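Undergrad: A single structure is presented below for examination.
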Amino acid sequence: MWHVGSTNDSMHVELKKVNAGYYTIEGFKSIRRKYVQVLNEVSLRIRDGERVAIIGESGSGKTTLLKVMLGLLQPVSGEVWVLGQNIYNMPKRDRWRITHKIGYVPQDPFRSLNPRLKVVDIVMEPLERSKFSEKERVERVSEAFKMVQLHESVLNYYPSQLSGGMMQRVLIARSIVHDPEMILLDEPTSALDVSTQAQIISLLNSIQERLDCTMITVTHDLPVAQYLADRVVILHKGSIVEEGGFEEVIRDPKSEHARHIILSYTLSVNSTNLL
Amino acid sequence: MVLAVASKGLSVGYEEVDGVLWAVRDVSIEVKAGETFCLAGESGSGKSTIAGAIAGILPPHTVTKGELYINGRTVIRDETRDYEGIRGRVVTYVPQSPGASLNPYMTIEEQFYSVLKSLYGLNKRESKERAKVYLQMVELDPDSVLDDYPHELSGGMQQRAAIALALSTGARILVADEPTSALDAHLRLQIVEELSRLRRETGVTLVFISHDLLLAGAICDRMAVMYAGVVAEVGGARAILEKPLHPYTLMLVESTPRLDRRKQLKPFLGEPPKPGELTNGCPFFNRCPSRLTVCAVKMPPLMSIGGERHVACWLYE
Ligand SMILES: Nc1ncnc2c1ncn2[C@@H]1O[C@H](COP(=O)(O)OP(=O)(O)OP(=O)(O)O)[C@@H](O)[C@H]1O
Ligand SMILES: Nc1ncnc2c1ncn2[C@@H]1O[C@H](COP(=O)(O)OP(=O)(O)OP(=O)(O)O)[C@@H](O)[C@H]1O
Ligand SMILES: [Mg+2]
Ligand SMILES: [Mg+2]
């Protein structure tokens, strides 16, 4: 039965030898389905309340890894335990019971907002099946909106009327409005200027502390990772090549790929050596 | 010398039910041919709106005032907008969302073909050859991505494909809206070097929009820092970063997170005014640590501080 608890209840996420990828359609005359593997034998344990950053090159599988944790991409093999449940081993229609407890900020803000909905409805959506009354919902939405430094009048806008950074903040507001047990952030500050970024970073950390929730951040920005995570996981071509405490990995990377990532960051900062 | 881009008192607004929301107000900037010019500044300050005006892709419900010239030709004069022969050919554009410039129903190869066919009448084989060159430039493997649909690429791969597509048009003015925001340090360096090389070799003019001040400082000759729809400061990019004059620029520089110093990030309090709530005073007034009484009531004009440097702040009167 799917509702048997995980082996270790204080693990919020546990991936066991996960292999996952995408099926694409090929050919004109005879259409074939081709499988391309992205994640290889990924095993990962994230404890309740932990702050983890996932770092890796473009195309290394970071977004794919988040999709697997969100119940959006079924692995071809391996187990995915989220909030104590083996999520791909339960009927699909029950999966939302787990996944709606997760706040998610997708990578491309421009394509992640339903163009036909007003901002207020977008932010309220995670509260739809919740216990909150109508009045509480409205209050929560406007509170979340204040936290991301957006003006209340923006609630009546449609996504096409927002700037890139505003869209990203709308998505962040949506991800925290329902007091999630876990927050997954895919490049959450990529569209923000530094002063807004600093506000969002401290906001996310204070929410994480208040809810004591697990926070997993995908980012290419090492300083952002430093502020949002205690532990880093380095992904290379779909495999985890290194993990450990942030300071440890940055100061003394063990794998070649981690060294490469840190080196190219340092190089890019030095070539822009101004501040 | 003909300026690649010049605006005179340009204001751009969006029509709303209860009036016009002016996202860009009275902006005068000049971009020289062959230079790299950066627009930096806060989220919502009007950067993409200016990019849209230059690239000729403002939505229909936009209202314009003032003038905008591309290569000396008038494209905006008050309400009249005319980009015939300019859009796509003279000015090309990489939008802020990588996904947005790519048609979701076409493979990458087909996207190059449709653009290059309509601009230059290239056939399939020619456009594919050209696509390969530009895809390799941005470190994408043509053999694997040409047949892919945009959704089959990761965020960073889409961004690179969009850059390659824009570059392949050979337009002389490239407007790139946050072209590296989804890229890691390695690729960001790569793209920046590629753009610099392209500029050296072909003399293309680059209007670069970025909230990343370090990056802007590294690749741009000059930059304008925007705040709430107005230009707060303009001048040599390095000079601005080394010695920010406007209190807002100083705040941006100070809140840039750095890896080696694990100090508390310094989030700046307050938020920028809503475009609808502007006063006659300086828009930065309520957040400014060094405000004067005059700032509340009178908007400072862009004042010359010597050389190319201009700042809109009463502290420097
Ligand atoms: N829907 C899809 N169909 C087919 N292939 C896909 C799909 N989504 C992603 N891929 C492929 O999977 C690989 C990993 O993509 P993913 O989006 O996980 O990368 P990422 O690490 O998030 O990269 P980035 O930093 O650029 O966003 C890439 O090679 C990509 O082309
Ligand atoms: N199509 C539109 N219709 C109505 N209002 C818009 C539209 N596009 C932008 N706006 C408004 O114009 C203002 C400036 O937006 P713009 O996209 O130019 O900002 P930006 O500087 O590019 O910000 P970001 O760094 O967040 O992308 C914002 O208040 C936004 O709500
Ligand atoms: Mg991604
Ligand atoms: Mg923008």
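Ordering of the structure tokens sets the chain letters (A, B, ...); residue numbers start at 1 within each chain; ligands are numbered from 1 in the order shown.
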Please provide the set of residues having any atom within 9 Å of region 147-162 of chain A, restricted to only C-alpha atoms, with same-chain residues fewer than 6 positions apart removed, written as a compact mmCIF listing (two decimals) with C-alpha atoms, in the first residue's frame.
TA:
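Output file part-v1.txt follows:
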```
# COMPACT_ATOMS: atom_id res chain seq x y z
CA PHE A 110 7.39 34.50 -18.32
CA LEU A 113 2.00 32.33 -15.27
CA ASN A 114 -1.38 31.63 -16.78
CA PRO A 115 -1.94 34.63 -19.08
CA ARG A 116 -5.71 34.47 -18.64
CA LEU A 117 -5.73 34.77 -14.87
CA LYS A 118 -5.36 37.91 -12.83
CA VAL A 119 -2.40 38.00 -10.49
CA VAL A 120 -4.68 37.70 -7.46
CA ASP A 121 -6.11 34.41 -8.74
CA VAL A 123 -1.40 33.78 -6.05
CA ARG A 169 7.99 37.87 -7.21
CA VAL A 170 4.41 36.88 -8.00
CA ILE A 172 7.47 33.56 -5.01
CA ALA A 173 4.35 34.94 -3.32
CA THR A 196 15.23 43.34 -4.63
CA GLN A 199 15.04 41.52 0.12
CA ILE A 200 13.83 38.26 -1.39
CA LEU A 203 12.33 37.00 3.05
CA TYR B 14 0.73 51.71 -20.90
CA GLY B 44 10.08 47.50 -12.80
CA GLY B 270 11.19 50.51 1.34
CA GLU B 271 10.01 50.03 -2.18
CA PRO B 273 6.94 54.26 -5.90
CA LYS B 274 4.21 52.86 -8.10
```
Undergrad: Could you give me the residues within 7 Å of ligand 4, counting only C-alpha atoms and all ligand atoms, as a ChimeraX atom specification?
TA: /A:163-165 /B:43-44,47-48,96,177
Undergrad: Could you save those same residues with all heavy atoms as a compact mmCIF listing (two decimals), in the first residue's frame?
TA:
```txt
# COMPACT_ATOMS: atom_id res chain seq x y z
N SER A 163 6.62 43.36 -15.25
CA SER A 163 8.00 43.23 -15.67
C SER A 163 8.51 41.86 -15.22
O SER A 163 7.86 41.17 -14.43
CB SER A 163 8.84 44.34 -15.05
OG SER A 163 9.15 44.04 -13.71
N GLY A 164 9.69 41.47 -15.73
CA GLY A 164 10.25 40.16 -15.41
C GLY A 164 10.41 39.93 -13.92
O GLY A 164 10.02 38.89 -13.38
N GLY A 165 10.97 40.91 -13.25
CA GLY A 165 11.19 40.77 -11.81
C GLY A 165 9.89 40.73 -11.04
O GLY A 165 9.78 40.07 -10.00
N SER B 43 14.07 46.34 -10.59
CA SER B 43 12.97 45.63 -11.22
C SER B 43 11.78 46.57 -11.37
O SER B 43 11.40 47.25 -10.42
CB SER B 43 12.60 44.45 -10.33
OG SER B 43 11.41 43.86 -10.80
N GLY B 44 11.23 46.64 -12.56
CA GLY B 44 10.08 47.50 -12.80
C GLY B 44 10.44 48.94 -13.11
O GLY B 44 9.56 49.79 -13.24
N LYS B 47 13.27 49.24 -17.84
CA LYS B 47 14.33 48.81 -18.75
C LYS B 47 13.78 48.07 -19.96
O LYS B 47 14.11 48.40 -21.11
CB LYS B 47 15.32 47.88 -18.00
CG LYS B 47 15.93 48.51 -16.76
CD LYS B 47 16.92 47.58 -16.08
CE LYS B 47 16.31 46.29 -15.56
NZ LYS B 47 15.38 46.46 -14.45
N SER B 48 12.93 47.08 -19.73
CA SER B 48 12.38 46.32 -20.86
C SER B 48 11.48 47.19 -21.72
O SER B 48 11.36 46.96 -22.93
CB SER B 48 11.59 45.11 -20.37
OG SER B 48 12.43 44.23 -19.66
N GLN B 96 13.66 39.17 -22.73
CA GLN B 96 14.04 38.79 -21.38
C GLN B 96 13.75 37.33 -21.09
O GLN B 96 14.50 36.68 -20.39
CB GLN B 96 13.31 39.70 -20.39
CG GLN B 96 13.80 39.57 -18.97
CD GLN B 96 13.27 40.68 -18.07
OE1 GLN B 96 12.51 41.54 -18.49
NE2 GLN B 96 13.67 40.66 -16.82
N ASP B 177 17.97 41.81 -23.70
CA ASP B 177 17.32 42.05 -22.41
C ASP B 177 17.68 40.91 -21.47
O ASP B 177 17.17 39.80 -21.61
CB ASP B 177 15.80 42.15 -22.61
CG ASP B 177 15.10 42.78 -21.42
OD1 ASP B 177 15.74 42.97 -20.38
OD2 ASP B 177 13.89 43.09 -21.55
```
Undergrad: At a cut-off of 8 Å, which residues of chain B touch chain A? Count only C-alpha atoms and give the answer as a PDB file with N, CA and C atoms, in the first residue's frame.
TA:
```pdb
ATOM      1  N   GLY B  41      19.325  48.759 -13.374  1.00  0.00           N
ATOM      2  CA  GLY B  41      18.383  49.367 -12.446  1.00  0.00           C
ATOM      3  C   GLY B  41      17.359  48.398 -11.919  1.00  0.00           C
ATOM      4  N   GLU B  42      16.560  48.924 -11.028  1.00  0.00           N
ATOM      5  CA  GLU B  42      15.627  48.130 -10.263  1.00  0.00           C
ATOM      6  C   GLU B  42      14.559  47.438 -11.116  1.00  0.00           C
ATOM      7  N   SER B  43      14.074  46.338 -10.586  1.00  0.00           N
ATOM      8  CA  SER B  43      12.970  45.631 -11.217  1.00  0.00           C
ATOM      9  C   SER B  43      11.779  46.574 -11.372  1.00  0.00           C
ATOM     10  N   GLY B  44      11.230  46.637 -12.559  1.00  0.00           N
ATOM     11  CA  GLY B  44      10.079  47.500 -12.798  1.00  0.00           C
ATOM     12  C   GLY B  44      10.441  48.944 -13.114  1.00  0.00           C
ATOM     13  N   SER B  48      12.926  47.083 -19.728  1.00  0.00           N
ATOM     14  CA  SER B  48      12.382  46.324 -20.864  1.00  0.00           C
ATOM     15  C   SER B  48      11.483  47.194 -21.724  1.00  0.00           C
ATOM     16  N   GLN B  96      13.657  39.168 -22.733  1.00  0.00           N
ATOM     17  CA  GLN B  96      14.043  38.792 -21.381  1.00  0.00           C
ATOM     18  C   GLN B  96      13.747  37.327 -21.094  1.00  0.00           C
ATOM     19  N   SER B  97      12.673  36.800 -21.631  1.00  0.00           N
ATOM     20  CA  SER B  97      12.413  35.389 -21.433  1.00  0.00           C
ATOM     21  C   SER B  97      12.947  34.629 -22.625  1.00  0.00           C
ATOM     22  N   GLY B  99      12.385  31.706 -23.518  1.00  0.00           N
ATOM     23  CA  GLY B  99      11.318  30.966 -24.171  1.00  0.00           C
ATOM     24  C   GLY B  99      10.492  31.838 -25.105  1.00  0.00           C
ATOM     25  N   ALA B 100      10.339  33.108 -24.748  1.00  0.00           N
ATOM     26  CA  ALA B 100       9.405  33.959 -25.471  1.00  0.00           C
ATOM     27  C   ALA B 100       9.797  34.239 -26.920  1.00  0.00           C
ATOM     28  N   LEU B 153      14.599  21.832 -24.395  1.00  0.00           N
ATOM     29  CA  LEU B 153      15.882  22.379 -23.963  1.00  0.00           C
ATOM     30  C   LEU B 153      15.753  22.907 -22.538  1.00  0.00           C
ATOM     31  N   SER B 154      16.862  22.896 -21.814  1.00  0.00           N
ATOM     32  CA  SER B 154      16.840  23.476 -20.471  1.00  0.00           C
ATOM     33  C   SER B 154      16.776  24.992 -20.593  1.00  0.00           C
ATOM     34  N   GLY B 155      16.515  25.679 -19.464  1.00  0.00           N
ATOM     35  CA  GLY B 155      16.383  27.140 -19.473  1.00  0.00           C
ATOM     36  C   GLY B 155      17.587  27.834 -20.088  1.00  0.00           C
ATOM     37  N   GLY B 156      18.773  27.425 -19.660  1.00  0.00           N
ATOM     38  CA  GLY B 156      19.992  28.042 -20.170  1.00  0.00           C
ATOM     39  C   GLY B 156      20.206  27.746 -21.652  1.00  0.00           C
ATOM     40  N   MET B 157      19.789  26.558 -22.092  1.00  0.00           N
ATOM     41  CA  MET B 157      19.947  26.200 -23.505  1.00  0.00           C
ATOM     42  C   MET B 157      19.005  27.047 -24.364  1.00  0.00           C
ATOM     43  N   GLU B 178      18.536  41.167 -20.525  1.00  0.00           N
ATOM     44  CA  GLU B 178      18.982  40.162 -19.549  1.00  0.00           C
ATOM     45  C   GLU B 178      19.388  38.868 -20.249  1.00  0.00           C
ATOM     46  N   SER B 181      20.722  35.931 -17.789  1.00  0.00           N
ATOM     47  CA  SER B 181      20.201  35.744 -16.431  1.00  0.00           C
ATOM     48  C   SER B 181      20.047  34.279 -16.041  1.00  0.00           C
ATOM     49  N   ALA B 182      19.845  33.383 -17.006  1.00  0.00           N
ATOM     50  CA  ALA B 182      19.664  31.978 -16.637  1.00  0.00           C
ATOM     51  C   ALA B 182      20.957  31.178 -16.768  1.00  0.00           C
ATOM     52  N   LEU B 183      22.067  31.868 -16.959  1.00  0.00           N
ATOM     53  CA  LEU B 183      23.299  31.129 -17.243  1.00  0.00           C
ATOM     54  C   LEU B 183      24.262  31.125 -16.069  1.00  0.00           C
ATOM     55  N   ASP B 184      25.007  30.027 -15.947  1.00  0.00           N
ATOM     56  CA  ASP B 184      25.996  29.946 -14.886  1.00  0.00           C
ATOM     57  C   ASP B 184      27.242  30.746 -15.278  1.00  0.00           C
ATOM     58  N   ALA B 185      28.148  30.882 -14.323  1.00  0.00           N
ATOM     59  CA  ALA B 185      29.302  31.760 -14.513  1.00  0.00           C
ATOM     60  C   ALA B 185      30.098  31.412 -15.768  1.00  0.00           C
ATOM     61  N   HIS B 186      30.283  30.131 -15.997  1.00  0.00           N
ATOM     62  CA  HIS B 186      31.084  29.700 -17.137  1.00  0.00           C
ATOM     63  C   HIS B 186      30.462  30.172 -18.453  1.00  0.00           C
ATOM     64  N   LEU B 189      30.427  34.009 -18.961  1.00  0.00           N
ATOM     65  CA  LEU B 189      31.712  34.476 -19.474  1.00  0.00           C
ATOM     66  C   LEU B 189      31.796  34.229 -20.968  1.00  0.00           C
ATOM     67  N   HIS B 211      20.587  43.432 -14.701  1.00  0.00           N
ATOM     68  CA  HIS B 211      20.569  43.891 -13.318  1.00  0.00           C
ATOM     69  C   HIS B 211      21.870  43.499 -12.633  1.00  0.00           C
ATOM     70  N   ASP B 212      22.761  42.853 -13.405  1.00  0.00           N
ATOM     71  CA  ASP B 212      24.023  42.401 -12.852  1.00  0.00           C
ATOM     72  C   ASP B 212      25.080  43.488 -13.109  1.00  0.00           C
ATOM     73  N   LEU B 214      28.095  43.905 -11.996  1.00  0.00           N
ATOM     74  CA  LEU B 214      29.463  43.457 -12.257  1.00  0.00           C
ATOM     75  C   LEU B 214      29.643  43.133 -13.730  1.00  0.00           C
ATOM     76  N   LEU B 215      28.653  42.417 -14.238  1.00  0.00           N
ATOM     77  CA  LEU B 215      28.699  42.032 -15.638  1.00  0.00           C
ATOM     78  C   LEU B 215      28.639  43.269 -16.526  1.00  0.00           C
ATOM     79  N   GLY B 217      29.598  46.212 -15.804  1.00  0.00           N
ATOM     80  CA  GLY B 217      30.876  46.908 -15.722  1.00  0.00           C
ATOM     81  C   GLY B 217      31.930  46.250 -16.584  1.00  0.00           C
ATOM     82  N   ALA B 218      31.843  44.926 -16.701  1.00  0.00           N
ATOM     83  CA  ALA B 218      32.868  44.206 -17.448  1.00  0.00           C
ATOM     84  C   ALA B 218      32.715  44.395 -18.944  1.00  0.00           C
ATOM     85  N   ARG B 238      32.676  51.791 -15.831  1.00  0.00           N
ATOM     86  CA  ARG B 238      33.629  51.563 -14.748  1.00  0.00           C
ATOM     87  C   ARG B 238      33.628  52.703 -13.746  1.00  0.00           C
ATOM     88  N   LEU B 241      30.745  52.361 -11.394  1.00  0.00           N
ATOM     89  CA  LEU B 241      30.886  51.313 -10.381  1.00  0.00           C
ATOM     90  C   LEU B 241      31.966  51.648  -9.364  1.00  0.00           C
ATOM     91  N   GLU B 242      33.024  52.288  -9.829  1.00  0.00           N
ATOM     92  CA  GLU B 242      34.089  52.636  -8.890  1.00  0.00           C
ATOM     93  C   GLU B 242      33.655  53.741  -7.940  1.00  0.00           C
ATOM     94  N   MET B 251      23.460  52.287  -3.378  1.00  0.00           N
ATOM     95  CA  MET B 251      22.731  51.211  -2.723  1.00  0.00           C
ATOM     96  C   MET B 251      22.807  49.914  -3.537  1.00  0.00           C
ATOM     97  N   LEU B 252      22.738  50.040  -4.871  1.00  0.00           N
ATOM     98  CA  LEU B 252      22.860  48.838  -5.707  1.00  0.00           C
ATOM     99  C   LEU B 252      24.237  48.201  -5.514  1.00  0.00           C
ATOM    100  N   VAL B 253      25.259  49.035  -5.536  1.00  0.00           N
ATOM    101  CA  VAL B 253      26.613  48.513  -5.416  1.00  0.00           C
ATOM    102  C   VAL B 253      26.796  47.838  -4.062  1.00  0.00           C
ATOM    103  N   SER B 255      24.534  46.436  -2.183  1.00  0.00           N
ATOM    104  CA  SER B 255      23.774  45.221  -1.902  1.00  0.00           C
ATOM    105  C   SER B 255      24.104  44.080  -2.857  1.00  0.00           C
ATOM    106  N   THR B 256      25.159  44.213  -3.643  1.00  0.00           N
ATOM    107  CA  THR B 256      25.592  43.100  -4.491  1.00  0.00           C
ATOM    108  C   THR B 256      26.204  42.005  -3.621  1.00  0.00           C
ATOM    109  N   PRO B 257      25.623  40.796  -3.661  1.00  0.00           N
ATOM    110  CA  PRO B 257      26.172  39.743  -2.804  1.00  0.00           C
ATOM    111  C   PRO B 257      27.532  39.273  -3.307  1.00  0.00           C
ATOM    112  N   ARG B 258      28.421  39.060  -2.418  1.00  0.00           N
ATOM    113  CA  ARG B 258      29.752  38.579  -2.774  1.00  0.00           C
ATOM    114  C   ARG B 258      30.022  37.279  -2.035  1.00  0.00           C
ATOM    115  N   LEU B 259      30.798  36.412  -2.639  1.00  0.00           N
ATOM    116  CA  LEU B 259      30.995  35.076  -2.076  1.00  0.00           C
ATOM    117  C   LEU B 259      31.908  35.067  -0.867  1.00  0.00           C
ATOM    118  N   LEU B 265      23.616  40.278   4.300  1.00  0.00           N
ATOM    119  CA  LEU B 265      23.221  41.056   3.133  1.00  0.00           C
ATOM    120  C   LEU B 265      22.517  42.309   3.622  1.00  0.00           C
ATOM    121  N   LYS B 266      22.643  43.354   2.877  1.00  0.00           N
ATOM    122  CA  LYS B 266      22.052  44.608   3.337  1.00  0.00           C
ATOM    123  C   LYS B 266      20.824  44.953   2.501  1.00  0.00           C
ATOM    124  N   PRO B 267      19.682  44.353   2.834  1.00  0.00           N
ATOM    125  CA  PRO B 267      18.510  44.672   2.028  1.00  0.00           C
ATOM    126  C   PRO B 267      18.093  46.106   2.296  1.00  0.00           C
ATOM    127  N   PHE B 268      17.810  46.815   1.252  1.00  0.00           N
ATOM    128  CA  PHE B 268      17.398  48.191   1.441  1.00  0.00           C
ATOM    129  C   PHE B 268      15.917  48.262   1.711  1.00  0.00           C
ATOM    130  N   GLU B 271      10.167  50.490  -0.812  1.00  0.00           N
ATOM    131  CA  GLU B 271      10.007  50.032  -2.180  1.00  0.00           C
ATOM    132  C   GLU B 271       9.884  51.236  -3.092  1.00  0.00           C
ATOM    133  N   LYS B 274       4.993  53.353  -6.974  1.00  0.00           N
ATOM    134  CA  LYS B 274       4.212  52.864  -8.103  1.00  0.00           C
ATOM    135  C   LYS B 274       4.175  53.964  -9.148  1.00  0.00           C
TER     136      LYS B 274
END
```
Undergrad: Using DSSP on the backbone, list every residue of region 46-234 of chain A that comes out as strand (DSSP E or B), and give them as a ChimeraX atom specification.
TA: /A:46-47,51-56,77-82,85-86,102-105,182-186,214-218,231-234
Undergrad: Limited to N, CA and C atoms, could you put the picked residues into a file as a JSON list (two decimals), in the first residue's frame?
TA:
```json
[["chain", "number", "residue", "atom", "x", "y", "z"],
["A", 46, "ILE", "N", 17.44, 14.44, 1.98],
["A", 46, "ILE", "CA", 17.35, 15.80, 2.50],
["A", 46, "ILE", "C", 16.47, 15.77, 3.74],
["A", 47, "ARG", "N", 17.03, 16.24, 4.85],
["A", 47, "ARG", "CA", 16.33, 16.18, 6.13],
["A", 47, "ARG", "C", 15.30, 17.29, 6.26],
["A", 51, "ARG", "N", 18.32, 23.34, 4.45],
["A", 51, "ARG", "CA", 18.41, 24.28, 3.33],
["A", 51, "ARG", "C", 19.51, 23.78, 2.40],
["A", 52, "VAL", "N", 19.11, 23.38, 1.20],
["A", 52, "VAL", "CA", 20.05, 22.75, 0.28],
["A", 52, "VAL", "C", 20.07, 23.51, -1.06],
["A", 53, "ALA", "N", 21.25, 23.66, -1.62],
["A", 53, "ALA", "CA", 21.35, 24.26, -2.95],
["A", 53, "ALA", "C", 21.79, 23.19, -3.94],
["A", 54, "ILE", "N", 21.22, 23.23, -5.14],
["A", 54, "ILE", "CA", 21.63, 22.33, -6.21],
["A", 54, "ILE", "C", 22.32, 23.16, -7.27],
["A", 55, "ILE", "N", 23.55, 22.82, -7.55],
["A", 55, "ILE", "CA", 24.36, 23.61, -8.47],
["A", 55, "ILE", "C", 24.84, 22.70, -9.58],
["A", 56, "GLY", "N", 24.94, 23.23, -10.77],
["A", 56, "GLY", "CA", 25.45, 22.44, -11.88],
["A", 56, "GLY", "C", 25.36, 23.23, -13.15],
["A", 77, "SER", "N", 13.25, 4.21, -13.21],
["A", 77, "SER", "CA", 13.50, 3.29, -12.11],
["A", 77, "SER", "C", 13.94, 4.07, -10.90],
["A", 78, "GLY", "N", 13.90, 3.42, -9.74],
["A", 78, "GLY", "CA", 14.27, 4.07, -8.50],
["A", 78, "GLY", "C", 13.04, 4.52, -7.72],
["A", 79, "GLU", "N", 13.28, 4.99, -6.50],
["A", 79, "GLU", "CA", 12.16, 5.42, -5.65],
["A", 79, "GLU", "C", 12.30, 6.88, -5.28],
["A", 80, "VAL", "N", 11.17, 7.55, -5.19],
["A", 80, "VAL", "CA", 11.17, 8.96, -4.80],
["A", 80, "VAL", "C", 10.24, 9.13, -3.60],
["A", 81, "TRP", "N", 10.82, 9.39, -2.44],
["A", 81, "TRP", "CA", 10.02, 9.61, -1.23],
["A", 81, "TRP", "C", 9.98, 11.09, -0.94],
["A", 82, "VAL", "N", 8.76, 11.61, -0.85],
["A", 82, "VAL", "CA", 8.62, 13.03, -0.55],
["A", 82, "VAL", "C", 7.64, 13.17, 0.61],
["A", 85, "GLN", "N", 6.21, 9.89, 1.74],
["A", 85, "GLN", "CA", 5.47, 9.01, 0.85],
["A", 85, "GLN", "C", 6.27, 8.67, -0.40],
["A", 86, "ASN", "N", 6.09, 7.46, -0.85],
["A", 86, "ASN", "CA", 6.70, 7.03, -2.10],
["A", 86, "ASN", "C", 5.79, 7.52, -3.22],
["A", 102, "ILE", "N", 3.93, 21.46, -1.22],
["A", 102, "ILE", "CA", 5.21, 21.98, -1.67],
["A", 102, "ILE", "C", 4.99, 23.32, -2.36],
["A", 103, "GLY", "N", 5.79, 24.30, -2.01],
["A", 103, "GLY", "CA", 5.77, 25.57, -2.74],
["A", 103, "GLY", "C", 6.81, 25.49, -3.84],
["A", 104, "TYR", "N", 6.46, 25.95, -5.04],
["A", 104, "TYR", "CA", 7.38, 25.77, -6.17],
["A", 104, "TYR", "C", 7.51, 27.07, -6.95],
["A", 105, "VAL", "N", 8.73, 27.48, -7.20],
["A", 105, "VAL", "CA", 8.99, 28.63, -8.07],
["A", 105, "VAL", "C", 9.69, 28.13, -9.32],
["A", 182, "MET", "N", 7.52, 22.41, 2.33],
["A", 182, "MET", "CA", 8.78, 22.35, 1.62],
["A", 182, "MET", "C", 8.70, 23.37, 0.48],
["A", 183, "ILE", "N", 9.82, 24.04, 0.20],
["A", 183, "ILE", "CA", 9.84, 25.02, -0.89],
["A", 183, "ILE", "C", 10.92, 24.63, -1.90],
["A", 184, "LEU", "N", 10.53, 24.52, -3.16],
["A", 184, "LEU", "CA", 11.51, 24.24, -4.23],
["A", 184, "LEU", "C", 11.63, 25.47, -5.11],
["A", 185, "LEU", "N", 12.84, 25.97, -5.24],
["A", 185, "LEU", "CA", 13.04, 27.22, -5.97],
["A", 185, "LEU", "C", 14.00, 26.99, -7.13],
["A", 186, "ASP", "N", 13.55, 27.27, -8.35],
["A", 186, "ASP", "CA", 14.41, 27.07, -9.52],
["A", 186, "ASP", "C", 14.89, 28.45, -10.00],
["A", 214, "THR", "N", 11.61, 22.69, 4.74],
["A", 214, "THR", "CA", 12.76, 22.33, 3.92],
["A", 214, "THR", "C", 12.82, 23.28, 2.72],
["A", 215, "MET", "N", 14.01, 23.72, 2.37],
["A", 215, "MET", "CA", 14.11, 24.64, 1.23],
["A", 215, "MET", "C", 15.21, 24.15, 0.29],
["A", 216, "ILE", "N", 14.82, 23.89, -0.95],
["A", 216, "ILE", "CA", 15.78, 23.41, -1.94],
["A", 216, "ILE", "C", 15.87, 24.43, -3.06],
["A", 217, "THR", "N", 17.05, 24.96, -3.30],
["A", 217, "THR", "CA", 17.23, 26.03, -4.27],
["A", 217, "THR", "C", 18.15, 25.60, -5.40],
["A", 218, "VAL", "N", 17.68, 25.73, -6.62],
["A", 218, "VAL", "CA", 18.56, 25.54, -7.78],
["A", 218, "VAL", "C", 19.07, 26.92, -8.16],
["A", 231, "ARG", "N", 23.89, 23.38, 2.75],
["A", 231, "ARG", "CA", 24.51, 22.24, 2.10],
["A", 231, "ARG", "C", 24.39, 22.40, 0.59],
["A", 232, "VAL", "N", 25.39, 21.96, -0.17],
["A", 232, "VAL", "CA", 25.26, 22.00, -1.62],
["A", 232, "VAL", "C", 25.38, 20.61, -2.21],
["A", 233, "VAL", "N", 24.68, 20.43, -3.32],
["A", 233, "VAL", "CA", 24.74, 19.19, -4.07],
["A", 233, "VAL", "C", 25.18, 19.60, -5.46],
["A", 234, "ILE", "N", 26.24, 19.00, -5.97],
["A", 234, "ILE", "CA", 26.71, 19.38, -7.29],
["A", 234, "ILE", "C", 26.36, 18.30, -8.30]]
```
Undergrad: Please determine, counting only C-alpha atoms and all ligand atoms, which residue among B:Gln159, B:Asn103, B:Ser304, B:Thr169 has the shortest atom-to-atom distance to ligand 3.
TA: B:Gln159
Undergrad: Give the answer as one residue: which of A:Ile122, A:Ala258, A:Val76, A:Ile25 has the shortest atom-to-atom distance to ligand 1, using only C-alpha atoms and all ligand atoms?
TA: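 Counting only C-alpha atoms and all ligand atoms, the residue closest to ligand 1 is A:Ile25.
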Undergrad: Given the choices A:Arg259, A:Arg174, A:Lys146, A:Arg97, which gets closest to Met124 (chain A) if the distance is worked out from only C-alpha atoms?
TA: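 Comparing A:Arg259, A:Arg174, A:Lys146, A:Arg97 against Met124 (chain A), the winner is A:Arg174.
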Undergrad: Skip region 54-65 of chain B itself and residues of its chain fewer than 2 positions away, then list as a PyMOL selection string all residues within 6 Å of it, counting only C-alpha atoms.
TA: chain B and resi 10-15+51-52+78-79+87+91
Undergrad: Could you save those same residues with C-alpha atoms as a PDB file, in the first residue's frame?
TA:
```pdb
ATOM      1  CA  LEU B  10      11.076  59.890 -24.456  1.00  0.00           C
ATOM      2  CA  SER B  11       8.162  58.793 -22.307  1.00  0.00           C
ATOM      3  CA  VAL B  12       6.441  55.459 -22.718  1.00  0.00           C
ATOM      4  CA  GLY B  13       3.255  54.511 -20.948  1.00  0.00           C
ATOM      5  CA  TYR B  14       0.734  51.710 -20.902  1.00  0.00           C
ATOM      6  CA  GLU B  15      -2.951  52.459 -21.203  1.00  0.00           C
ATOM      7  CA  ALA B  51      14.231  47.881 -24.959  1.00  0.00           C
ATOM      8  CA  GLY B  52      10.821  47.370 -26.532  1.00  0.00           C
ATOM      9  CA  ASP B  78       5.075  61.507 -30.046  1.00  0.00           C
ATOM     10  CA  GLU B  79       2.228  59.113 -30.887  1.00  0.00           C
ATOM     11  CA  ARG B  87      12.692  46.095 -37.044  1.00  0.00           C
ATOM     12  CA  VAL B  91      17.715  46.238 -34.786  1.00  0.00           C
TER      13      VAL B  91
END
```
